[in-house]
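Participant: One structure follows; several queries about it will come next.
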Amino acid sequence: MAYLGNPKETIAVLQKYGFNFQKKFGQNFLIDTHVLNKIVDAAGVTKEDLVLEIGPGIGTLTQYLCESARKVIAVEIDRNLIPILQDTLSEYDNVTVINEDVLKVDLKKLAEEENGGRPIKVVANLPYYITTPIIMGLFEQHVPVESITVMVQKEVAVRMQAGPGSKDYGALSLAVQFYAEPYIAANVPQNCFMPRPDVSSAVIRLTTHKNPPIQVKNEKLLFDLIRASFNQRRKTLLNGLSNAQNLPFSKEQVAEAIEKAGLSANVRGEALTLMEFARLADVLS
Ligand code: SAM
């Protein structure tokens, strides 16, 4: 089987199987060798690694991963792609394809069983409609991952990497940076995919922190505070937190906590670092 990362081979496979793209599954297949190499390089995949690929499609990126990794587990929701993958990956004996919705797979168990507790690498050209649940699911369920290298919508990559003061800074930035160090490895234009997506894309690597950059007594409260602050972005932190439905604090309690955390009384949530949110959560907990 030839490499698929170009328009000609991709079209040949699609025609051979009479495959129709399903928009609801976010199917935009890569047709650019340069981008495929870039993803594998950014992920730093070696022959020691177990790689989890989410959404292998017709197996374009999977072929590259099979050549660089020790083992690849690929989870694909669309059953029409399974016979195609059997064909396009027939030369590799180090790949397992699972026909499932990735959000329903116990990835922690899978990673632990398949890699003896050692952290795995996640590499994917993600289905964009579930980018956040996939990434936050990996972190929050404490799946042992060393890094997550994924193609995402460009705006999402920028938000993940943003810091305080930037218009892109928000709950997603803080959630991702609590668990990992983000690095945008490449910007990828629409014409590298078939069919072309409506948005620009980027490859981002999230390298999981070995030791958490901050300590916090109550992680849930930290994230409730972050969400409440950015839900009401234009309000001061004081008003945002005391008006939030999901938080039990009075205006006086919030004002006192803001002062104790060493923050200015009229600060906005978008100006706070992760460390400052953690300090506030500790005072309130
Ligand atoms: N990896 C291929 C490539 O780069 O050419 C395909 C990437 S395409 C952007 C996303 C893939 O994810 C599609 O194959 C789609 O069917 C699959 N997918 C969508 N939702 C999924 C889900 N919930 N679980 C597993 N795979 C899913």
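Residues are named by chain letter and number: chains run A, B, ... in the order of the structure tokens, numbers start at 1 in each chain, and ligands are numbered from 1 in the order shown.
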Quick one: residues within 6 Å of ligand 1, with only C-alpha atoms and all ligand atoms, as a PDB file with all heavy atoms, in the first residue's frame?
Facilitator:
```pdb
ATOM      1  N   PHE A  25     -18.834  13.989  11.647  1.00  0.00           N
ATOM      2  CA  PHE A  25     -17.658  13.409  12.327  1.00  0.00           C
ATOM      3  C   PHE A  25     -16.398  14.255  12.142  1.00  0.00           C
ATOM      4  O   PHE A  25     -15.300  13.823  12.492  1.00  0.00           O
ATOM      5  CB  PHE A  25     -17.386  11.986  11.823  1.00  0.00           C
ATOM      6  CG  PHE A  25     -18.388  10.952  12.286  1.00  0.00           C
ATOM      7  CD1 PHE A  25     -18.727   9.882  11.464  1.00  0.00           C
ATOM      8  CD2 PHE A  25     -18.964  11.025  13.548  1.00  0.00           C
ATOM      9  CE1 PHE A  25     -19.642   8.914  11.882  1.00  0.00           C
ATOM     10  CE2 PHE A  25     -19.881  10.069  13.978  1.00  0.00           C
ATOM     11  CZ  PHE A  25     -20.220   9.008  13.140  1.00  0.00           C
ATOM     12  N   GLY A  26     -16.545  15.439  11.574  1.00  0.00           N
ATOM     13  CA  GLY A  26     -15.379  16.328  11.426  1.00  0.00           C
ATOM     14  C   GLY A  26     -14.295  15.711  10.553  1.00  0.00           C
ATOM     15  O   GLY A  26     -13.105  15.792  10.888  1.00  0.00           O
ATOM     16  N   GLN A  27     -14.714  15.114   9.446  1.00  0.00           N
ATOM     17  CA  GLN A  27     -13.741  14.393   8.608  1.00  0.00           C
ATOM     18  C   GLN A  27     -13.054  15.309   7.603  1.00  0.00           C
ATOM     19  O   GLN A  27     -13.630  15.690   6.590  1.00  0.00           O
ATOM     20  CB  GLN A  27     -14.436  13.219   7.899  1.00  0.00           C
ATOM     21  CG  GLN A  27     -14.864  12.153   8.904  1.00  0.00           C
ATOM     22  CD  GLN A  27     -15.640  11.006   8.315  1.00  0.00           C
ATOM     23  OE1 GLN A  27     -16.208  11.114   7.235  1.00  0.00           O
ATOM     24  NE2 GLN A  27     -15.692   9.899   9.044  1.00  0.00           N
ATOM     25  N   ASN A  28     -11.809  15.668   7.899  1.00  0.00           N
ATOM     26  CA  ASN A  28     -10.964  16.427   6.968  1.00  0.00           C
ATOM     27  C   ASN A  28      -9.616  15.727   6.953  1.00  0.00           C
ATOM     28  O   ASN A  28      -8.847  15.828   7.903  1.00  0.00           O
ATOM     29  CB  ASN A  28     -10.815  17.874   7.435  1.00  0.00           C
ATOM     30  CG  ASN A  28     -12.161  18.589   7.535  1.00  0.00           C
ATOM     31  OD1 ASN A  28     -12.769  18.621   8.599  1.00  0.00           O
ATOM     32  ND2 ASN A  28     -12.636  19.124   6.435  1.00  0.00           N
ATOM     33  N   PHE A  29      -9.367  14.982   5.886  1.00  0.00           N
ATOM     34  CA  PHE A  29      -8.185  14.122   5.854  1.00  0.00           C
ATOM     35  C   PHE A  29      -6.969  14.896   5.362  1.00  0.00           C
ATOM     36  O   PHE A  29      -7.067  15.742   4.460  1.00  0.00           O
ATOM     37  CB  PHE A  29      -8.442  12.905   4.955  1.00  0.00           C
ATOM     38  CG  PHE A  29      -9.579  12.021   5.441  1.00  0.00           C
ATOM     39  CD1 PHE A  29     -10.166  11.087   4.589  1.00  0.00           C
ATOM     40  CD2 PHE A  29     -10.046  12.106   6.748  1.00  0.00           C
ATOM     41  CE1 PHE A  29     -11.209  10.267   5.026  1.00  0.00           C
ATOM     42  CE2 PHE A  29     -11.088  11.297   7.193  1.00  0.00           C
ATOM     43  CZ  PHE A  29     -11.674  10.379   6.324  1.00  0.00           C
ATOM     44  N   LEU A  30      -5.822  14.576   5.940  1.00  0.00           N
ATOM     45  CA  LEU A  30      -4.581  15.276   5.566  1.00  0.00           C
ATOM     46  C   LEU A  30      -4.069  14.779   4.221  1.00  0.00           C
ATOM     47  O   LEU A  30      -4.055  13.566   3.957  1.00  0.00           O
ATOM     48  CB  LEU A  30      -3.521  15.041   6.642  1.00  0.00           C
ATOM     49  CG  LEU A  30      -3.568  16.044   7.797  1.00  0.00           C
ATOM     50  CD1 LEU A  30      -2.709  15.566   8.952  1.00  0.00           C
ATOM     51  CD2 LEU A  30      -3.128  17.429   7.332  1.00  0.00           C
ATOM     52  N   ILE A  54      -6.346   9.444  17.791  1.00  0.00           N
ATOM     53  CA  ILE A  54      -7.797   9.615  17.842  1.00  0.00           C
ATOM     54  C   ILE A  54      -8.271  10.005  16.450  1.00  0.00           C
ATOM     55  O   ILE A  54      -7.840  11.014  15.903  1.00  0.00           O
ATOM     56  CB  ILE A  54      -8.156  10.691  18.887  1.00  0.00           C
ATOM     57  CG1 ILE A  54      -7.735  10.206  20.279  1.00  0.00           C
ATOM     58  CG2 ILE A  54      -9.656  10.991  18.856  1.00  0.00           C
ATOM     59  CD1 ILE A  54      -7.566  11.295  21.294  1.00  0.00           C
ATOM     60  N   GLY A  55      -9.123   9.173  15.860  1.00  0.00           N
ATOM     61  CA  GLY A  55      -9.655   9.454  14.524  1.00  0.00           C
ATOM     62  C   GLY A  55      -8.644   9.237  13.418  1.00  0.00           C
ATOM     63  O   GLY A  55      -8.176  10.180  12.792  1.00  0.00           O
ATOM     64  N   PRO A  56      -8.291   7.985  13.119  1.00  0.00           N
ATOM     65  CA  PRO A  56      -7.295   7.722  12.073  1.00  0.00           C
ATOM     66  C   PRO A  56      -7.794   7.982  10.649  1.00  0.00           C
ATOM     67  O   PRO A  56      -6.965   8.060   9.732  1.00  0.00           O
ATOM     68  CB  PRO A  56      -6.965   6.230  12.262  1.00  0.00           C
ATOM     69  CG  PRO A  56      -8.181   5.657  12.924  1.00  0.00           C
ATOM     70  CD  PRO A  56      -8.705   6.747  13.812  1.00  0.00           C
ATOM     71  N   GLY A  57      -9.104   8.128  10.458  1.00  0.00           N
ATOM     72  CA  GLY A  57      -9.612   8.372   9.091  1.00  0.00           C
ATOM     73  C   GLY A  57      -9.295   7.189   8.200  1.00  0.00           C
ATOM     74  O   GLY A  57      -9.639   6.044   8.504  1.00  0.00           O
ATOM     75  N   THR A  60      -3.921   7.852   7.134  1.00  0.00           N
ATOM     76  CA  THR A  60      -2.829   8.645   6.582  1.00  0.00           C
ATOM     77  C   THR A  60      -1.723   8.909   7.617  1.00  0.00           C
ATOM     78  O   THR A  60      -0.554   8.569   7.411  1.00  0.00           O
ATOM     79  CB  THR A  60      -3.388   9.985   6.051  1.00  0.00           C
ATOM     80  OG1 THR A  60      -4.505   9.698   5.216  1.00  0.00           O
ATOM     81  CG2 THR A  60      -2.347  10.757   5.287  1.00  0.00           C
ATOM     82  N   LEU A  61      -2.119   9.513   8.748  1.00  0.00           N
ATOM     83  CA  LEU A  61      -1.153   9.795   9.817  1.00  0.00           C
ATOM     84  C   LEU A  61      -0.734   8.493  10.506  1.00  0.00           C
ATOM     85  O   LEU A  61       0.417   8.341  10.939  1.00  0.00           O
ATOM     86  CB  LEU A  61      -1.800  10.780  10.811  1.00  0.00           C
ATOM     87  CG  LEU A  61      -1.032  11.162  12.074  1.00  0.00           C
ATOM     88  CD1 LEU A  61       0.305  11.817  11.737  1.00  0.00           C
ATOM     89  CD2 LEU A  61      -1.871  12.118  12.944  1.00  0.00           C
ATOM     90  N   VAL A  75      -8.315   4.932  17.546  1.00  0.00           N
ATOM     91  CA  VAL A  75      -9.737   4.826  17.863  1.00  0.00           C
ATOM     92  C   VAL A  75     -10.539   5.624  16.835  1.00  0.00           C
ATOM     93  O   VAL A  75     -10.377   6.835  16.722  1.00  0.00           O
ATOM     94  CB  VAL A  75     -10.017   5.371  19.289  1.00  0.00           C
ATOM     95  CG1 VAL A  75     -11.498   5.233  19.628  1.00  0.00           C
ATOM     96  CG2 VAL A  75      -9.161   4.651  20.327  1.00  0.00           C
ATOM     97  N   GLU A  76     -11.387   4.931  16.097  1.00  0.00           N
ATOM     98  CA  GLU A  76     -12.151   5.563  15.009  1.00  0.00           C
ATOM     99  C   GLU A  76     -13.639   5.256  15.177  1.00  0.00           C
ATOM    100  O   GLU A  76     -14.026   4.103  15.290  1.00  0.00           O
ATOM    101  CB  GLU A  76     -11.649   5.033  13.651  1.00  0.00           C
ATOM    102  CG  GLU A  76     -12.439   5.488  12.437  1.00  0.00           C
ATOM    103  CD  GLU A  76     -12.590   6.992  12.306  1.00  0.00           C
ATOM    104  OE1 GLU A  76     -11.575   7.697  12.177  1.00  0.00           O
ATOM    105  OE2 GLU A  76     -13.744   7.485  12.348  1.00  0.00           O
ATOM    106  N   ILE A  77     -14.459   6.301  15.131  1.00  0.00           N
ATOM    107  CA  ILE A  77     -15.903   6.131  15.364  1.00  0.00           C
ATOM    108  C   ILE A  77     -16.652   5.603  14.133  1.00  0.00           C
ATOM    109  O   ILE A  77     -17.643   4.892  14.247  1.00  0.00           O
ATOM    110  CB  ILE A  77     -16.532   7.477  15.819  1.00  0.00           C
ATOM    111  CG1 ILE A  77     -17.913   7.267  16.444  1.00  0.00           C
ATOM    112  CG2 ILE A  77     -16.616   8.480  14.665  1.00  0.00           C
ATOM    113  CD1 ILE A  77     -18.464   8.512  17.135  1.00  0.00           C
ATOM    114  N   ASP A  78     -16.161   5.961  12.942  1.00  0.00           N
ATOM    115  CA  ASP A  78     -16.922   5.688  11.719  1.00  0.00           C
ATOM    116  C   ASP A  78     -16.659   4.265  11.222  1.00  0.00           C
ATOM    117  O   ASP A  78     -15.556   3.954  10.754  1.00  0.00           O
ATOM    118  CB  ASP A  78     -16.515   6.728  10.649  1.00  0.00           C
ATOM    119  CG  ASP A  78     -17.349   6.608   9.383  1.00  0.00           C
ATOM    120  OD1 ASP A  78     -18.117   5.624   9.249  1.00  0.00           O
ATOM    121  OD2 ASP A  78     -17.221   7.504   8.520  1.00  0.00           O
ATOM    122  N   GLU A 100     -14.767   2.761  17.933  1.00  0.00           N
ATOM    123  CA  GLU A 100     -15.510   3.295  19.086  1.00  0.00           C
ATOM    124  C   GLU A 100     -15.522   4.815  19.041  1.00  0.00           C
ATOM    125  O   GLU A 100     -14.667   5.426  18.388  1.00  0.00           O
ATOM    126  CB  GLU A 100     -14.807   2.882  20.393  1.00  0.00           C
ATOM    127  CG  GLU A 100     -15.470   1.817  21.213  1.00  0.00           C
ATOM    128  CD  GLU A 100     -16.869   2.110  21.719  1.00  0.00           C
ATOM    129  OE1 GLU A 100     -17.388   3.238  21.534  1.00  0.00           O
ATOM    130  OE2 GLU A 100     -17.464   1.193  22.280  1.00  0.00           O
ATOM    131  N   ASP A 101     -16.455   5.371  19.785  1.00  0.00           N
ATOM    132  CA  ASP A 101     -16.437   6.801  20.070  1.00  0.00           C
ATOM    133  C   ASP A 101     -15.377   7.014  21.160  1.00  0.00           C
ATOM    134  O   ASP A 101     -15.483   6.447  22.249  1.00  0.00           O
ATOM    135  CB  ASP A 101     -17.830   7.198  20.586  1.00  0.00           C
ATOM    136  CG  ASP A 101     -17.902   8.651  21.015  1.00  0.00           C
ATOM    137  OD1 ASP A 101     -16.854   9.308  21.124  1.00  0.00           O
ATOM    138  OD2 ASP A 101     -19.040   9.121  21.251  1.00  0.00           O
ATOM    139  N   VAL A 102     -14.374   7.812  20.873  1.00  0.00           N
ATOM    140  CA  VAL A 102     -13.245   7.962  21.807  1.00  0.00           C
ATOM    141  C   VAL A 102     -13.718   8.490  23.168  1.00  0.00           C
ATOM    142  O   VAL A 102     -13.106   8.184  24.199  1.00  0.00           O
ATOM    143  CB  VAL A 102     -12.143   8.866  21.216  1.00  0.00           C
ATOM    144  CG1 VAL A 102     -12.566  10.320  21.161  1.00  0.00           C
ATOM    145  CG2 VAL A 102     -10.835   8.717  21.989  1.00  0.00           C
ATOM    146  N   LEU A 103     -14.814   9.245  23.167  1.00  0.00           N
ATOM    147  CA  LEU A 103     -15.292   9.808  24.434  1.00  0.00           C
ATOM    148  C   LEU A 103     -15.916   8.723  25.320  1.00  0.00           C
ATOM    149  O   LEU A 103     -16.190   8.949  26.495  1.00  0.00           O
ATOM    150  CB  LEU A 103     -16.307  10.930  24.186  1.00  0.00           C
ATOM    151  CG  LEU A 103     -15.753  12.159  23.446  1.00  0.00           C
ATOM    152  CD1 LEU A 103     -16.848  13.185  23.196  1.00  0.00           C
ATOM    153  CD2 LEU A 103     -14.597  12.802  24.212  1.00  0.00           C
ATOM    154  N   ASN A 125      -4.953  14.242  14.299  1.00  0.00           N
ATOM    155  CA  ASN A 125      -5.611  15.329  13.584  1.00  0.00           C
ATOM    156  C   ASN A 125      -7.045  15.252  14.081  1.00  0.00           C
ATOM    157  O   ASN A 125      -7.821  14.436  13.619  1.00  0.00           O
ATOM    158  CB  ASN A 125      -5.475  15.086  12.080  1.00  0.00           C
ATOM    159  CG  ASN A 125      -6.324  16.021  11.247  1.00  0.00           C
ATOM    160  OD1 ASN A 125      -6.769  17.055  11.717  1.00  0.00           O
ATOM    161  ND2 ASN A 125      -6.537  15.648   9.988  1.00  0.00           N
ATOM    162  N   LEU A 126      -7.355  16.067  15.093  1.00  0.00           N
ATOM    163  CA  LEU A 126      -8.596  15.863  15.847  1.00  0.00           C
ATOM    164  C   LEU A 126      -9.856  16.231  15.055  1.00  0.00           C
ATOM    165  O   LEU A 126      -9.819  17.132  14.220  1.00  0.00           O
ATOM    166  CB  LEU A 126      -8.581  16.725  17.113  1.00  0.00           C
ATOM    167  CG  LEU A 126      -7.694  16.260  18.257  1.00  0.00           C
ATOM    168  CD1 LEU A 126      -7.830  17.235  19.428  1.00  0.00           C
ATOM    169  CD2 LEU A 126      -8.013  14.851  18.717  1.00  0.00           C
ATOM    170  N   PRO A 127     -10.975  15.530  15.378  1.00  0.00           N
ATOM    171  CA  PRO A 127     -12.282  16.027  14.908  1.00  0.00           C
ATOM    172  C   PRO A 127     -12.599  17.282  15.730  1.00  0.00           C
ATOM    173  O   PRO A 127     -12.731  17.204  16.951  1.00  0.00           O
ATOM    174  CB  PRO A 127     -13.226  14.861  15.239  1.00  0.00           C
ATOM    175  CG  PRO A 127     -12.522  14.008  16.259  1.00  0.00           C
ATOM    176  CD  PRO A 127     -11.064  14.276  16.160  1.00  0.00           C
TER     177      PRO A 127
END
```
Participant: I'd like to know which residues of segment 65-113 of chain A are helix (DSSP H, G or I) (by DSSP, run on the backbone); could you write them as number ranges by chain?
Facilitator: A: 65-68, 79-88, 102-104, 107-113
Participant: Could those residues be written to a file, using N, CA, C and O atoms, as a short mmCIF file (atom, residue, chain, number, x, y, z; two decimals), in the first residue's frame?
Facilitator:
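Final output, saved to again21.cif:
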```cif
data_model
loop_
_atom_site.label_atom_id
_atom_site.label_comp_id
_atom_site.auth_asym_id
_atom_site.auth_seq_id
_atom_site.Cartn_x
_atom_site.Cartn_y
_atom_site.Cartn_z
N LEU A 65 2.85 7.07 11.97
CA LEU A 65 3.02 6.73 13.39
C LEU A 65 3.51 5.29 13.53
O LEU A 65 4.37 4.99 14.36
N CYS A 66 2.97 4.39 12.71
CA CYS A 66 3.38 2.98 12.78
C CYS A 66 4.88 2.85 12.50
O CYS A 66 5.55 2.00 13.07
N GLU A 67 5.39 3.70 11.63
CA GLU A 67 6.81 3.61 11.29
C GLU A 67 7.70 4.17 12.38
O GLU A 67 8.84 3.73 12.52
N SER A 68 7.19 5.13 13.16
CA SER A 68 8.07 5.71 14.18
C SER A 68 7.85 5.15 15.59
O SER A 68 8.74 5.25 16.42
N ARG A 79 -17.69 3.42 11.30
CA ARG A 79 -17.43 2.01 10.96
C ARG A 79 -17.14 1.80 9.48
O ARG A 79 -16.53 0.83 9.09
N ASN A 80 -17.56 2.77 8.65
CA ASN A 80 -17.24 2.66 7.22
C ASN A 80 -15.74 2.78 6.95
O ASN A 80 -15.28 2.43 5.86
N LEU A 81 -15.01 3.31 7.92
CA LEU A 81 -13.56 3.46 7.72
C LEU A 81 -12.78 2.21 8.13
O LEU A 81 -11.61 2.06 7.79
N ILE A 82 -13.41 1.30 8.85
CA ILE A 82 -12.68 0.16 9.41
C ILE A 82 -12.12 -0.77 8.31
O ILE A 82 -10.93 -1.10 8.33
N PRO A 83 -12.94 -1.15 7.30
CA PRO A 83 -12.36 -1.98 6.22
C PRO A 83 -11.25 -1.25 5.45
O PRO A 83 -10.28 -1.89 5.01
N ILE A 84 -11.38 0.06 5.33
CA ILE A 84 -10.35 0.83 4.63
C ILE A 84 -9.04 0.78 5.43
O ILE A 84 -7.96 0.54 4.87
N LEU A 85 -9.15 0.96 6.74
CA LEU A 85 -7.95 0.93 7.60
C LEU A 85 -7.28 -0.44 7.56
O LEU A 85 -6.05 -0.54 7.59
N GLN A 86 -8.11 -1.48 7.51
CA GLN A 86 -7.52 -2.83 7.43
C GLN A 86 -6.64 -2.95 6.19
O GLN A 86 -5.59 -3.59 6.21
N ASP A 87 -7.07 -2.31 5.14
CA ASP A 87 -6.34 -2.34 3.88
C ASP A 87 -5.10 -1.43 3.94
O ASP A 87 -3.96 -1.88 3.72
N THR A 88 -5.30 -0.17 4.31
CA THR A 88 -4.20 0.81 4.24
C THR A 88 -3.11 0.53 5.29
O THR A 88 -1.99 0.99 5.14
N VAL A 102 -14.37 7.81 20.87
CA VAL A 102 -13.24 7.96 21.81
C VAL A 102 -13.72 8.49 23.17
O VAL A 102 -13.11 8.18 24.20
N LEU A 103 -14.81 9.24 23.17
CA LEU A 103 -15.29 9.81 24.43
C LEU A 103 -15.92 8.72 25.32
O LEU A 103 -16.19 8.95 26.50
N LYS A 104 -16.13 7.54 24.73
CA LYS A 104 -16.73 6.45 25.53
C LYS A 104 -15.69 5.40 25.93
O LYS A 104 -16.01 4.42 26.60
N LEU A 107 -9.84 5.45 28.52
CA LEU A 107 -8.47 5.63 28.01
C LEU A 107 -7.43 5.41 29.09
O LEU A 107 -6.31 4.99 28.82
N LYS A 108 -7.82 5.68 30.34
CA LYS A 108 -6.87 5.48 31.44
C LYS A 108 -6.53 3.99 31.55
O LYS A 108 -5.36 3.60 31.59
N LYS A 109 -7.59 3.18 31.51
CA LYS A 109 -7.41 1.73 31.62
C LYS A 109 -6.60 1.22 30.41
O LYS A 109 -5.65 0.44 30.57
N LEU A 110 -6.98 1.71 29.25
CA LEU A 110 -6.31 1.29 28.00
C LEU A 110 -4.81 1.60 28.08
O LEU A 110 -3.95 0.75 27.81
N ALA A 111 -4.49 2.84 28.49
CA ALA A 111 -3.08 3.26 28.56
C ALA A 111 -2.33 2.42 29.59
O ALA A 111 -1.20 1.99 29.35
N GLU A 112 -2.97 2.19 30.72
CA GLU A 112 -2.29 1.44 31.78
C GLU A 112 -2.04 -0.01 31.35
O GLU A 112 -0.96 -0.55 31.56
N GLU A 113 -3.06 -0.60 30.73
CA GLU A 113 -2.91 -2.01 30.32
C GLU A 113 -1.88 -2.17 29.21
O GLU A 113 -1.09 -3.10 29.21
#
```
Participant: Identify, on the basis of only C-alpha atoms, every residue whose closest approach to segment 38-47 of chain A does not exceed 9 Å; exclude the query and any residue fewer than 5 positions from it along the same chain; express the result as a PyMOL selection string.
Facilitator: chain A and resi 33+61+64-65+67-71+121-125+147-151+185-186+203-205
Participant: Might you pull out every residue within 8 Å of Tyr169 of chain A, with only C-alpha atoms counted and same-chain residues fewer than 5 positions away left off, and present them as a PyMOL selection string?
Facilitator: chain A and resi 159-160+162-164+174+270
Participant: May I ask which of the residues A:Thr132, A:Ser90, A:Ser285, A:Asn211 is the closest one to Ala180 of chain A, counting only C-alpha atoms?
Facilitator: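 Closest to Ala180 of chain A of all the choices is A:Asn211.
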Participant: I'd like to know which residues of segment 11-186 of chain A are strand (DSSP E or B) (by DSSP, run on the backbone); could you write them as a PyMOL selection string?
Facilitator: chain A and resi 29-30+50-54+71-76+95-99+120-125+145-153+180-186
Participant: In Å, how far is it from atom CA of Leu4 of chain A to atom CA of Val156 of chain A?
Facilitator: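 So the answer is 27.0 Å.
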Participant: Which residue, A:Ala257, A:Ala265, A:Leu138, A:Val72, has the smallest gap to Glu53 of chain A when you use only C-alpha atoms?
Facilitator: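 The answer is A:Val72, which sits nearest to Glu53 of chain A.
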Participant: Would you kindly return, as an mmCIF file with N, CA and C atoms, in the first residue's frame, each protein, DNA or RNA residue with an atom no farther than 12 Å from any atom of Arg268 of chain A, considering only C-alpha atoms and excluding same-chain residues fewer than 3 positions away?
Facilitator:
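Saved the output as out.cif:
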```
data_model
loop_
_atom_site.group_PDB
_atom_site.id
_atom_site.type_symbol
_atom_site.label_atom_id
_atom_site.label_comp_id
_atom_site.auth_asym_id
_atom_site.auth_seq_id
_atom_site.Cartn_x
_atom_site.Cartn_y
_atom_site.Cartn_z
ATOM 1 N N PRO A 164 -2.322 35.941 30.554
ATOM 2 C CA PRO A 164 -3.104 37.074 31.033
ATOM 3 C C PRO A 164 -2.841 38.322 30.203
ATOM 4 N N GLY A 165 -3.891 39.092 29.973
ATOM 5 C CA GLY A 165 -3.722 40.339 29.226
ATOM 6 C C GLY A 165 -4.055 40.171 27.755
ATOM 7 N N GLY A 170 -8.399 32.742 28.544
ATOM 8 C CA GLY A 170 -9.685 32.382 29.125
ATOM 9 C C GLY A 170 -9.609 31.074 29.888
ATOM 10 N N ILE A 226 -12.485 29.951 37.998
ATOM 11 C CA ILE A 226 -12.002 30.357 36.674
ATOM 12 C C ILE A 226 -13.173 30.499 35.711
ATOM 13 N N ALA A 228 -16.361 30.946 36.368
ATOM 14 C CA ALA A 228 -17.246 32.056 36.744
ATOM 15 C C ALA A 228 -16.619 33.391 36.337
ATOM 16 N N SER A 229 -15.312 33.545 36.491
ATOM 17 C CA SER A 229 -14.659 34.818 36.152
ATOM 18 C C SER A 229 -14.771 35.116 34.675
ATOM 19 N N PHE A 230 -14.611 34.084 33.840
ATOM 20 C CA PHE A 230 -14.603 34.337 32.401
ATOM 21 C C PHE A 230 -16.001 34.300 31.783
ATOM 22 N N ASN A 231 -16.978 33.739 32.528
ATOM 23 C CA ASN A 231 -18.366 33.794 32.057
ATOM 24 C C ASN A 231 -18.831 35.234 31.988
ATOM 25 N N GLN A 232 -18.304 36.030 32.902
ATOM 26 C CA GLN A 232 -18.724 37.428 32.956
ATOM 27 C C GLN A 232 -17.482 38.278 32.812
ATOM 28 N N ARG A 233 -16.893 38.159 31.657
ATOM 29 C CA ARG A 233 -15.591 38.732 31.361
ATOM 30 C C ARG A 233 -15.475 40.219 31.603
ATOM 31 N N ARG A 234 -16.560 40.931 31.350
ATOM 32 C CA ARG A 234 -16.464 42.392 31.417
ATOM 33 C C ARG A 234 -16.624 42.907 32.840
ATOM 34 N N LYS A 235 -17.074 42.035 33.720
ATOM 35 C CA LYS A 235 -17.273 42.469 35.105
ATOM 36 C C LYS A 235 -15.976 42.378 35.883
ATOM 37 N N THR A 236 -15.935 43.068 37.011
ATOM 38 C CA THR A 236 -14.772 42.896 37.895
ATOM 39 C C THR A 236 -14.855 41.488 38.481
ATOM 40 N N LEU A 237 -13.716 41.032 38.983
ATOM 41 C CA LEU A 237 -13.672 39.710 39.609
ATOM 42 C C LEU A 237 -14.697 39.633 40.750
ATOM 43 N N LEU A 238 -14.759 40.717 41.516
ATOM 44 C CA LEU A 238 -15.673 40.766 42.661
ATOM 45 C C LEU A 238 -17.118 40.538 42.220
ATOM 46 N N ASN A 239 -17.566 41.259 41.209
ATOM 47 C CA ASN A 239 -18.951 41.094 40.748
ATOM 48 C C ASN A 239 -19.148 39.753 40.069
ATOM 49 N N GLY A 240 -18.181 39.350 39.252
ATOM 50 C CA GLY A 240 -18.276 38.071 38.540
ATOM 51 C C GLY A 240 -18.457 36.912 39.513
ATOM 52 N N LEU A 241 -17.654 36.893 40.551
ATOM 53 C CA LEU A 241 -17.695 35.747 41.477
ATOM 54 C C LEU A 241 -18.884 35.818 42.421
ATOM 55 N N ILE A 258 -10.432 38.446 48.005
ATOM 56 C CA ILE A 258 -9.620 39.154 47.003
ATOM 57 C C ILE A 258 -8.513 39.935 47.718
ATOM 58 N N LEU A 263 -4.837 40.808 45.917
ATOM 59 C CA LEU A 263 -5.227 41.338 44.603
ATOM 60 C C LEU A 263 -5.939 42.670 44.796
ATOM 61 N N SER A 264 -5.952 43.484 43.736
ATOM 62 C CA SER A 264 -6.592 44.788 43.898
ATOM 63 C C SER A 264 -8.106 44.626 43.811
ATOM 64 N N ALA A 265 -8.821 45.473 44.531
ATOM 65 C CA ALA A 265 -10.264 45.319 44.739
ATOM 66 C C ALA A 265 -11.053 45.328 43.424
ATOM 67 N N ALA A 271 -7.172 39.357 34.165
ATOM 68 C CA ALA A 271 -5.817 39.826 34.453
ATOM 69 C C ALA A 271 -5.069 38.854 35.372
ATOM 70 N N LEU A 272 -5.787 37.856 35.906
ATOM 71 C CA LEU A 272 -5.172 36.971 36.903
ATOM 72 C C LEU A 272 -4.366 35.838 36.270
ATOM 73 N N THR A 273 -3.228 35.543 36.865
ATOM 74 C CA THR A 273 -2.455 34.368 36.450
ATOM 75 C C THR A 273 -3.064 33.129 37.111
ATOM 76 N N GLU A 276 -2.441 33.222 40.759
ATOM 77 C CA GLU A 276 -3.333 34.113 41.520
ATOM 78 C C GLU A 276 -4.715 33.488 41.703
ATOM 79 N N PHE A 277 -5.203 32.812 40.668
ATOM 80 C CA PHE A 277 -6.477 32.099 40.833
ATOM 81 C C PHE A 277 -6.341 31.030 41.926
#
```
Participant: For each of A:Asp224, A:Ser250, A:Glu9, A:Gln177, take the minimum atom-to-atom distance to Met275 of chain A, counting only C-alpha atoms, then give the residue where this is smallest.
Facilitator: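 Closest candidate: A:Gln177.
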Participant: Have a look at atom CA of His142 of chain A and atom CA of Lys154 of chain A and let me know their distance in Å, one decimal.
Facilitator: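 According to the coordinates, atom CA of His142 of chain A and atom CA of Lys154 of chain A are separated by 25.6 Å.
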Participant: Atom CA of Leu274 of chain A and atom CA of Arg227 of chain A are how many Å apart?
Facilitator: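 Answer for the atom CA of Leu274 of chain A to atom CA of Arg227 of chain A separation: 12.4 Å.
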Participant: Go through A:Ser173, A:Phe223, A:Val51, A:Glu114 and flag the residue nearest Glu140 of chain A, using only C-alpha atoms for the distances.
Facilitator: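 Of A:Ser173, A:Phe223, A:Val51, A:Glu114, the one nearest Glu140 of chain A is A:Phe223, counting only C-alpha atoms.
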Participant: Give me, as a list in words, all polymer residues having an atom no more than 9 Å from Asp32 of chain A, counting only C-alpha atoms and skipping those fewer than 4 positions away in the same chain.
Facilitator: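 Surrounding residues, per the criterion: Gly5, Asn6, Pro7, Leu36, Asn37, Asn191, Cys192 and Phe193 of chain A.
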